[in-house]
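Okay, structure-v1.txt is below, compact mmCIF, N, CA and C atoms and all ligand atoms:
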```txt
# COMPACT_ATOMS: atom_id res chain seq x y z
N MET U 1 95.13 92.44 89.28
CA MET U 1 94.76 93.85 89.29
C MET U 1 95.69 94.66 88.39
N PHE U 2 97.00 94.41 88.46
CA PHE U 2 97.93 95.22 87.65
C PHE U 2 97.76 94.93 86.16
N CYS U 3 97.40 93.69 85.79
CA CYS U 3 97.11 93.40 84.38
C CYS U 3 95.97 94.29 83.90
N SER U 4 94.96 94.46 84.73
CA SER U 4 93.80 95.28 84.36
C SER U 4 94.19 96.75 84.25
N ILE U 5 95.07 97.20 85.11
CA ILE U 5 95.54 98.59 85.04
C ILE U 5 96.35 98.82 83.77
N VAL U 6 97.27 97.89 83.49
CA VAL U 6 98.11 97.99 82.28
C VAL U 6 97.23 98.01 81.03
N ALA U 7 96.16 97.20 81.05
CA ALA U 7 95.27 97.11 79.90
C ALA U 7 94.29 98.29 79.83
N GLY U 8 94.28 99.11 80.87
CA GLY U 8 93.40 100.27 80.88
C GLY U 8 91.98 99.96 81.32
N ARG U 9 91.75 98.74 81.82
CA ARG U 9 90.39 98.37 82.26
C ARG U 9 90.09 98.89 83.67
N VAL U 10 91.13 99.13 84.44
CA VAL U 10 90.98 99.68 85.78
C VAL U 10 91.75 101.00 85.80
N PRO U 11 91.11 102.08 86.25
CA PRO U 11 91.80 103.37 86.22
C PRO U 11 92.93 103.45 87.24
N ALA U 12 93.95 104.19 86.89
CA ALA U 12 95.06 104.45 87.81
C ALA U 12 95.68 105.78 87.41
N GLU U 13 96.36 106.38 88.35
CA GLU U 13 97.05 107.64 88.06
C GLU U 13 98.44 107.30 87.51
N VAL U 14 98.58 107.36 86.21
CA VAL U 14 99.84 107.01 85.56
C VAL U 14 100.76 108.22 85.58
N VAL U 15 101.94 108.06 86.16
CA VAL U 15 102.87 109.18 86.22
C VAL U 15 103.91 109.11 85.10
N ARG U 16 104.16 107.91 84.57
CA ARG U 16 105.03 107.79 83.41
C ARG U 16 104.68 106.50 82.70
N ALA U 17 104.78 106.51 81.39
CA ALA U 17 104.50 105.31 80.60
C ALA U 17 105.62 105.10 79.58
N TRP U 18 106.16 103.91 79.56
CA TRP U 18 107.11 103.48 78.53
C TRP U 18 106.33 102.52 77.62
N ASP U 19 106.99 101.98 76.61
CA ASP U 19 106.30 101.05 75.70
C ASP U 19 105.81 99.81 76.43
N ASP U 20 106.55 99.37 77.43
CA ASP U 20 106.31 98.07 78.04
C ASP U 20 106.18 98.11 79.56
N VAL U 21 106.21 99.29 80.12
CA VAL U 21 106.20 99.46 81.58
C VAL U 21 105.42 100.74 81.89
N ILE U 22 104.70 100.73 83.02
CA ILE U 22 104.09 101.98 83.48
C ILE U 22 104.47 102.25 84.93
N ALA U 23 104.39 103.50 85.32
CA ALA U 23 104.56 103.89 86.72
C ALA U 23 103.27 104.57 87.16
N ILE U 24 102.72 104.08 88.27
CA ILE U 24 101.45 104.61 88.76
C ILE U 24 101.58 105.01 90.23
N VAL U 25 100.65 105.83 90.66
CA VAL U 25 100.56 106.18 92.08
C VAL U 25 99.80 105.06 92.79
N PRO U 26 100.37 104.48 93.86
CA PRO U 26 99.64 103.43 94.58
C PRO U 26 98.42 103.99 95.30
N LEU U 27 97.52 103.09 95.69
CA LEU U 27 96.31 103.52 96.39
C LEU U 27 96.66 104.17 97.73
N ASP U 28 97.75 103.71 98.32
CA ASP U 28 98.10 104.17 99.66
C ASP U 28 99.59 104.56 99.71
N PRO U 29 99.95 105.70 99.11
CA PRO U 29 101.38 106.07 99.07
C PRO U 29 101.95 106.22 100.48
N VAL U 30 103.19 105.75 100.68
CA VAL U 30 103.80 105.85 102.01
C VAL U 30 104.57 107.15 102.20
N THR U 31 104.99 107.77 101.09
CA THR U 31 105.56 109.11 101.14
C THR U 31 105.07 109.84 99.89
N PRO U 32 105.11 111.16 99.89
CA PRO U 32 104.73 111.90 98.68
C PRO U 32 105.63 111.50 97.51
N GLY U 33 105.04 111.19 96.38
CA GLY U 33 105.81 110.82 95.20
C GLY U 33 106.05 109.33 95.04
N HIS U 34 105.60 108.52 96.01
CA HIS U 34 105.72 107.06 95.95
C HIS U 34 105.03 106.55 94.68
N VAL U 35 105.74 105.75 93.88
CA VAL U 35 105.13 105.16 92.67
C VAL U 35 105.43 103.67 92.61
N LEU U 36 104.59 102.97 91.86
CA LEU U 36 104.80 101.55 91.55
C LEU U 36 105.15 101.44 90.07
N VAL U 37 106.23 100.73 89.79
CA VAL U 37 106.68 100.54 88.42
C VAL U 37 106.30 99.11 88.03
N ILE U 38 105.51 98.98 86.96
CA ILE U 38 104.83 97.71 86.65
C ILE U 38 105.03 97.35 85.18
N PRO U 39 105.53 96.13 84.90
CA PRO U 39 105.67 95.72 83.50
C PRO U 39 104.31 95.36 82.91
N HIS U 40 104.16 95.60 81.60
CA HIS U 40 102.93 95.16 80.92
C HIS U 40 102.80 93.64 80.97
N THR U 41 103.93 92.96 80.79
CA THR U 41 103.93 91.50 80.79
C THR U 41 103.65 90.99 82.20
N HIS U 42 102.71 90.06 82.31
CA HIS U 42 102.44 89.50 83.63
C HIS U 42 103.53 88.51 84.04
N VAL U 43 104.27 88.88 85.07
CA VAL U 43 105.14 87.93 85.77
C VAL U 43 104.81 88.09 87.24
N ALA U 44 104.88 86.99 87.97
CA ALA U 44 104.41 87.02 89.36
C ALA U 44 105.31 87.88 90.24
N ASP U 45 106.62 87.80 89.99
CA ASP U 45 107.55 88.50 90.87
C ASP U 45 108.89 88.64 90.17
N ILE U 46 109.86 89.21 90.85
CA ILE U 46 111.15 89.52 90.24
C ILE U 46 111.92 88.27 89.82
N GLY U 47 111.56 87.12 90.37
CA GLY U 47 112.30 85.90 90.06
C GLY U 47 111.80 85.14 88.85
N GLU U 48 110.68 85.56 88.27
CA GLU U 48 110.08 84.74 87.22
C GLU U 48 110.74 84.92 85.85
N ASP U 49 111.08 86.14 85.48
CA ASP U 49 111.68 86.40 84.17
C ASP U 49 112.70 87.52 84.32
N PRO U 50 113.98 87.15 84.33
CA PRO U 50 115.03 88.16 84.57
C PRO U 50 115.00 89.30 83.56
N VAL U 51 114.59 89.04 82.33
CA VAL U 51 114.59 90.11 81.31
C VAL U 51 113.50 91.13 81.63
N VAL U 52 112.30 90.64 81.95
CA VAL U 52 111.21 91.54 82.33
C VAL U 52 111.58 92.30 83.61
N SER U 53 112.18 91.59 84.55
CA SER U 53 112.56 92.22 85.81
C SER U 53 113.60 93.31 85.59
N ALA U 54 114.59 93.02 84.73
CA ALA U 54 115.65 94.00 84.47
C ALA U 54 115.08 95.25 83.79
N ARG U 55 114.18 95.04 82.85
CA ARG U 55 113.56 96.17 82.16
C ARG U 55 112.74 97.03 83.15
N THR U 56 112.00 96.36 84.01
CA THR U 56 111.19 97.07 85.00
C THR U 56 112.09 97.84 85.95
N MET U 57 113.19 97.20 86.36
CA MET U 57 114.12 97.85 87.27
C MET U 57 114.81 99.04 86.59
N ALA U 58 115.07 98.93 85.29
CA ALA U 58 115.67 100.05 84.57
C ALA U 58 114.75 101.27 84.58
N CYS U 59 113.46 101.03 84.42
CA CYS U 59 112.50 102.13 84.47
C CYS U 59 112.44 102.72 85.88
N ALA U 60 112.48 101.85 86.88
CA ALA U 60 112.50 102.33 88.27
C ALA U 60 113.76 103.16 88.52
N ALA U 61 114.88 102.71 87.95
CA ALA U 61 116.14 103.44 88.12
C ALA U 61 116.07 104.82 87.47
N GLU U 62 115.40 104.90 86.34
CA GLU U 62 115.22 106.19 85.67
C GLU U 62 114.49 107.16 86.59
N LEU U 63 113.44 106.69 87.23
CA LEU U 63 112.68 107.54 88.15
C LEU U 63 113.50 107.88 89.39
N ALA U 64 114.19 106.89 89.93
CA ALA U 64 115.00 107.13 91.13
C ALA U 64 116.12 108.12 90.85
N GLY U 65 116.62 108.10 89.61
CA GLY U 65 117.69 109.02 89.24
C GLY U 65 117.28 110.48 89.28
N GLU U 66 115.98 110.71 89.27
CA GLU U 66 115.47 112.08 89.31
C GLU U 66 115.23 112.56 90.73
N LEU U 67 115.46 111.67 91.71
CA LEU U 67 115.20 112.00 93.10
C LEU U 67 116.51 112.18 93.86
N GLU U 68 116.47 113.00 94.90
CA GLU U 68 117.66 113.19 95.72
C GLU U 68 117.94 111.95 96.56
N ALA U 69 116.85 111.31 97.07
CA ALA U 69 117.00 110.11 97.90
C ALA U 69 115.76 109.26 97.71
N ALA U 70 115.95 107.95 97.70
CA ALA U 70 114.80 107.05 97.50
C ALA U 70 115.15 105.65 97.94
N ASN U 71 114.12 104.88 98.29
CA ASN U 71 114.23 103.44 98.40
C ASN U 71 113.60 102.84 97.15
N VAL U 72 114.24 101.83 96.59
CA VAL U 72 113.71 101.08 95.45
C VAL U 72 113.54 99.65 95.94
N ILE U 73 112.28 99.22 95.98
CA ILE U 73 111.97 97.99 96.71
C ILE U 73 111.05 97.09 95.89
N THR U 74 111.35 95.80 95.88
CA THR U 74 110.38 94.83 95.38
C THR U 74 110.44 93.60 96.28
N SER U 75 109.35 92.88 96.34
CA SER U 75 109.27 91.72 97.22
C SER U 75 108.91 90.49 96.40
N LYS U 76 109.44 89.34 96.80
CA LYS U 76 109.13 88.08 96.13
C LYS U 76 108.58 87.12 97.17
N GLY U 77 107.30 86.80 97.05
CA GLY U 77 106.69 85.82 97.95
C GLY U 77 106.03 86.45 99.16
N SER U 78 104.98 85.79 99.62
CA SER U 78 104.23 86.32 100.76
C SER U 78 105.08 86.38 102.03
N ILE U 79 106.03 85.48 102.17
CA ILE U 79 106.91 85.52 103.34
C ILE U 79 107.69 86.84 103.36
N ALA U 80 107.97 87.35 102.16
CA ALA U 80 108.70 88.62 102.02
C ALA U 80 107.75 89.81 101.90
N THR U 81 106.50 89.63 102.31
CA THR U 81 105.47 90.68 102.34
C THR U 81 104.92 91.04 100.97
N GLN U 82 105.13 90.22 99.94
CA GLN U 82 104.48 90.49 98.65
C GLN U 82 102.99 90.21 98.79
N THR U 83 102.15 91.13 98.34
CA THR U 83 100.69 90.94 98.45
C THR U 83 100.01 90.93 97.09
N VAL U 84 100.62 91.57 96.08
CA VAL U 84 100.07 91.54 94.71
C VAL U 84 101.06 90.77 93.85
N PHE U 85 100.58 89.69 93.22
CA PHE U 85 101.50 88.78 92.55
C PHE U 85 101.59 89.07 91.05
N HIS U 86 101.86 90.32 90.78
CA HIS U 86 102.29 90.82 89.46
C HIS U 86 103.46 91.75 89.82
N LEU U 87 104.62 91.45 89.24
CA LEU U 87 105.82 92.20 89.58
C LEU U 87 105.56 93.71 89.67
N HIS U 88 106.01 94.31 90.73
CA HIS U 88 105.96 95.78 90.85
C HIS U 88 107.13 96.23 91.71
N VAL U 89 107.71 97.34 91.31
CA VAL U 89 108.86 97.90 92.02
C VAL U 89 108.42 99.23 92.62
N HIS U 90 108.58 99.34 93.93
CA HIS U 90 108.25 100.59 94.61
C HIS U 90 109.43 101.55 94.48
N VAL U 91 109.15 102.78 94.08
CA VAL U 91 110.14 103.85 94.17
C VAL U 91 109.58 104.82 95.20
N VAL U 92 110.27 104.89 96.33
CA VAL U 92 109.78 105.65 97.48
C VAL U 92 110.73 106.82 97.75
N PRO U 93 110.32 108.02 97.36
CA PRO U 93 111.18 109.18 97.66
C PRO U 93 111.36 109.34 99.16
N ARG U 94 112.56 109.68 99.57
CA ARG U 94 112.83 109.88 100.98
C ARG U 94 113.27 111.32 101.23
N ARG U 95 112.87 111.82 102.38
CA ARG U 95 113.25 113.16 102.78
C ARG U 95 113.81 113.08 104.19
N GLU U 96 114.64 114.02 104.53
CA GLU U 96 115.22 114.08 105.86
C GLU U 96 114.12 114.00 106.91
N ALA U 97 114.27 113.10 107.88
CA ALA U 97 113.35 113.00 109.01
C ALA U 97 111.92 112.67 108.60
N ASP U 98 111.73 111.92 107.49
CA ASP U 98 110.35 111.53 107.13
C ASP U 98 109.84 110.40 108.02
N ALA U 99 110.73 109.76 108.77
CA ALA U 99 110.35 108.80 109.80
C ALA U 99 109.71 107.53 109.26
N LEU U 100 109.88 107.27 107.95
CA LEU U 100 109.30 106.05 107.39
C LEU U 100 110.17 104.85 107.79
N PRO U 101 109.61 103.90 108.54
CA PRO U 101 110.42 102.74 108.92
C PRO U 101 110.40 101.69 107.81
N LEU U 102 111.46 101.01 107.61
CA LEU U 102 111.48 99.88 106.69
C LEU U 102 111.54 98.60 107.53
N PRO U 103 110.95 97.51 107.01
CA PRO U 103 110.82 96.31 107.85
C PRO U 103 112.14 95.63 108.16
N TRP U 104 113.20 95.94 107.43
CA TRP U 104 114.43 95.20 107.65
C TRP U 104 115.55 96.04 108.27
N THR U 105 115.20 97.21 108.81
CA THR U 105 116.27 98.02 109.37
C THR U 105 116.80 97.36 110.63
N PRO U 106 118.13 97.26 110.77
CA PRO U 106 118.72 96.65 111.97
C PRO U 106 118.25 97.33 113.24
N ARG U 107 118.04 98.64 113.15
CA ARG U 107 117.61 99.38 114.32
C ARG U 107 116.25 98.86 114.81
N GLN U 108 115.32 98.64 113.85
CA GLN U 108 114.00 98.16 114.22
C GLN U 108 114.09 96.75 114.80
N GLU U 109 114.91 95.91 114.17
CA GLU U 109 115.08 94.54 114.66
C GLU U 109 115.63 94.57 116.09
N ALA U 110 116.59 95.44 116.32
CA ALA U 110 117.17 95.54 117.66
C ALA U 110 116.14 95.98 118.68
N LYS U 111 115.26 96.88 118.27
CA LYS U 111 114.20 97.32 119.17
C LYS U 111 113.31 96.16 119.57
N GLU U 112 112.95 95.32 118.55
CA GLU U 112 112.08 94.17 118.84
C GLU U 112 112.78 93.20 119.78
N ARG U 113 114.08 93.02 119.59
CA ARG U 113 114.82 92.13 120.49
C ARG U 113 114.82 92.67 121.91
N CYS U 114 114.98 93.99 122.03
CA CYS U 114 115.01 94.59 123.35
C CYS U 114 113.68 94.45 124.07
N ALA U 115 112.60 94.50 123.27
CA ALA U 115 111.27 94.42 123.87
C ALA U 115 110.93 92.99 124.30
N ALA U 116 111.63 92.02 123.72
CA ALA U 116 111.31 90.61 124.00
C ALA U 116 111.84 90.17 125.36
ZN ZN A 201 99.16 90.58 86.09
```
Rewrite the structure of this file - the entire thing - as structure tokens.
Amino acid sequence: MFCSIVAGRVPAEVVRAWDDVIAIVPLDPVTPGHVLVIPHTHVADIGEDPVVSARTMACAAELAGELEAANVITSKGSIATQTVFHLHVHVVPRREADALPLPWTPRQEAKERCAA
């Protein structure tokens, strides 16, 4: 799907475009301003090509640098909750008390342990 978006065959809301990377609004943003940073080059995940990954992360860092607070997240492999196998980096703006849970917060893990 992301190859098609990069090639312009599938429409997307592009918020920034570099020569080799784009940032788009995901179909289901988790907070206002959430974007996906996607390299033009198809690589499955962050582990496939360190140069492509570094370039993509640099673009994500540029966007994150414009925010007061953000999570910058990418996943490798379905075990790690990756669902689209074309590298993408989430830049998720955070605001005080936005209540967005992340899957690896110790607090959440502790809650699950308490419930067990
Ligand atoms: Zn692709």
Could you produce a table of the residues of chain U lying within 6.5 Å of ligand ZN 201 (chain A), with the nearest pair of atoms per residue and their separation in Å rounded to one decimal, using all atoms listed in the file, ordered by chain and increasing residue number, as JSON lines?
```
{"residue": "U:Met1", "atom": "N", "partner": "A:ZN201", "partner_atom": "ZN", "distance": 5.5}
{"residue": "U:Phe2", "atom": "C", "partner": "A:ZN201", "partner_atom": "ZN", "distance": 4.6}
{"residue": "U:Cys3", "atom": "N", "partner": "A:ZN201", "partner_atom": "ZN", "distance": 3.6}
{"residue": "U:Ser4", "atom": "N", "partner": "A:ZN201", "partner_atom": "ZN", "distance": 5.9}
{"residue": "U:Thr41", "atom": "C", "partner": "A:ZN201", "partner_atom": "ZN", "distance": 6.0}
{"residue": "U:His42", "atom": "CA", "partner": "A:ZN201", "partner_atom": "ZN", "distance": 4.2}
{"residue": "U:Val43", "atom": "N", "partner": "A:ZN201", "partner_atom": "ZN", "distance": 5.5}
{"residue": "U:Phe85", "atom": "C", "partner": "A:ZN201", "partner_atom": "ZN", "distance": 5.7}
{"residue": "U:His86", "atom": "CA", "partner": "A:ZN201", "partner_atom": "ZN", "distance": 4.6}
{"residue": "U:Leu87", "atom": "N", "partner": "A:ZN201", "partner_atom": "ZN", "distance": 6.4}
```
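When only N, CA and C atoms are used to compute distances to U:Asp45, the closest of the residues U:Val15, U:Thr74, U:Arg9, U:Ala80 turns out to be U:Thr74.
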Check the smallest atom-to-atom distance from each of U:Ala44, U:Val52, U:His34, U:Ala12 to U:Asn71 using only C-alpha atoms, then report the winner. U:His34
Please list as a VMD selection string every residue within 8 Å of U:Arg95, counting all atoms listed in the file and excluding residues in the same chain fewer than 5 positions away. chain U and resid 31 68 to 70 100
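We find atom CA of U:Leu63 and atom N of U:Ile79 to be spaced 27.0 Å apart.
Using only C-alpha atoms, the smallest distance between any of U:Val21, U:Val84, U:Leu36, U:Val30 and U:Leu102 comes from U:Val30.
With only the atoms specified (all atoms listed in the file) counting, those residues at most 7 Å away from (108.9, 93.1, 86.4) are Val37, Ile38, Pro39, Val43, Asp45, Ile46, Val51, Val52, Ser53, Ala54, Arg55, Thr56, Met57, His86, Leu87, His88 and Val89 of chain U.
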Just the selected residues (N, CA and C atoms), exported as an mmCIF file, in the coordinates of the input, please.
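out22.cif, written as the output of this step:
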```
data_model
loop_
_atom_site.group_PDB
_atom_site.id
_atom_site.type_symbol
_atom_site.label_atom_id
_atom_site.label_comp_id
_atom_site.auth_asym_id
_atom_site.auth_seq_id
_atom_site.Cartn_x
_atom_site.Cartn_y
_atom_site.Cartn_z
ATOM 1 N N VAL U 37 106.230 100.730 89.790
ATOM 2 C CA VAL U 37 106.680 100.540 88.420
ATOM 3 C C VAL U 37 106.300 99.110 88.030
ATOM 4 N N ILE U 38 105.510 98.980 86.960
ATOM 5 C CA ILE U 38 104.830 97.710 86.650
ATOM 6 C C ILE U 38 105.030 97.350 85.180
ATOM 7 N N PRO U 39 105.530 96.130 84.900
ATOM 8 C CA PRO U 39 105.670 95.720 83.500
ATOM 9 C C PRO U 39 104.310 95.360 82.910
ATOM 10 N N VAL U 43 104.270 88.880 85.070
ATOM 11 C CA VAL U 43 105.140 87.930 85.770
ATOM 12 C C VAL U 43 104.810 88.090 87.240
ATOM 13 N N ASP U 45 106.620 87.800 89.990
ATOM 14 C CA ASP U 45 107.550 88.500 90.870
ATOM 15 C C ASP U 45 108.890 88.640 90.170
ATOM 16 N N ILE U 46 109.860 89.210 90.850
ATOM 17 C CA ILE U 46 111.150 89.520 90.240
ATOM 18 C C ILE U 46 111.920 88.270 89.820
ATOM 19 N N VAL U 51 114.590 89.040 82.330
ATOM 20 C CA VAL U 51 114.590 90.110 81.310
ATOM 21 C C VAL U 51 113.500 91.130 81.630
ATOM 22 N N VAL U 52 112.300 90.640 81.950
ATOM 23 C CA VAL U 52 111.210 91.540 82.330
ATOM 24 C C VAL U 52 111.580 92.300 83.610
ATOM 25 N N SER U 53 112.180 91.590 84.550
ATOM 26 C CA SER U 53 112.560 92.220 85.810
ATOM 27 C C SER U 53 113.600 93.310 85.590
ATOM 28 N N ALA U 54 114.590 93.020 84.730
ATOM 29 C CA ALA U 54 115.650 94.000 84.470
ATOM 30 C C ALA U 54 115.080 95.250 83.790
ATOM 31 N N ARG U 55 114.180 95.040 82.850
ATOM 32 C CA ARG U 55 113.560 96.170 82.160
ATOM 33 C C ARG U 55 112.740 97.030 83.150
ATOM 34 N N THR U 56 112.000 96.360 84.010
ATOM 35 C CA THR U 56 111.190 97.070 85.000
ATOM 36 C C THR U 56 112.090 97.840 85.950
ATOM 37 N N MET U 57 113.190 97.200 86.360
ATOM 38 C CA MET U 57 114.120 97.850 87.270
ATOM 39 C C MET U 57 114.810 99.040 86.590
ATOM 40 N N HIS U 86 101.860 90.320 90.780
ATOM 41 C CA HIS U 86 102.290 90.820 89.460
ATOM 42 C C HIS U 86 103.460 91.750 89.820
ATOM 43 N N LEU U 87 104.620 91.450 89.240
ATOM 44 C CA LEU U 87 105.820 92.200 89.580
ATOM 45 C C LEU U 87 105.560 93.710 89.670
ATOM 46 N N HIS U 88 106.010 94.310 90.730
ATOM 47 C CA HIS U 88 105.960 95.780 90.850
ATOM 48 C C HIS U 88 107.130 96.230 91.710
ATOM 49 N N VAL U 89 107.710 97.340 91.310
ATOM 50 C CA VAL U 89 108.860 97.900 92.020
ATOM 51 C C VAL U 89 108.420 99.230 92.620
#
```
Just asking: which residues within stretch 5-104 of chain U are alpha helix (DSSP H) according to DSSP, as a ChimeraX atom specification? /U:5-6,50-64
For atom CA of U:Pro26 and atom N of U:Gln82, determine how far apart the two atoms are, in Å to one decimal place. 15.3 Å
Residues of stretch 26-113 of chain U in strand (DSSP E), written as an NGL selection string: :U and (35-39 or 70-73 or 89-93)
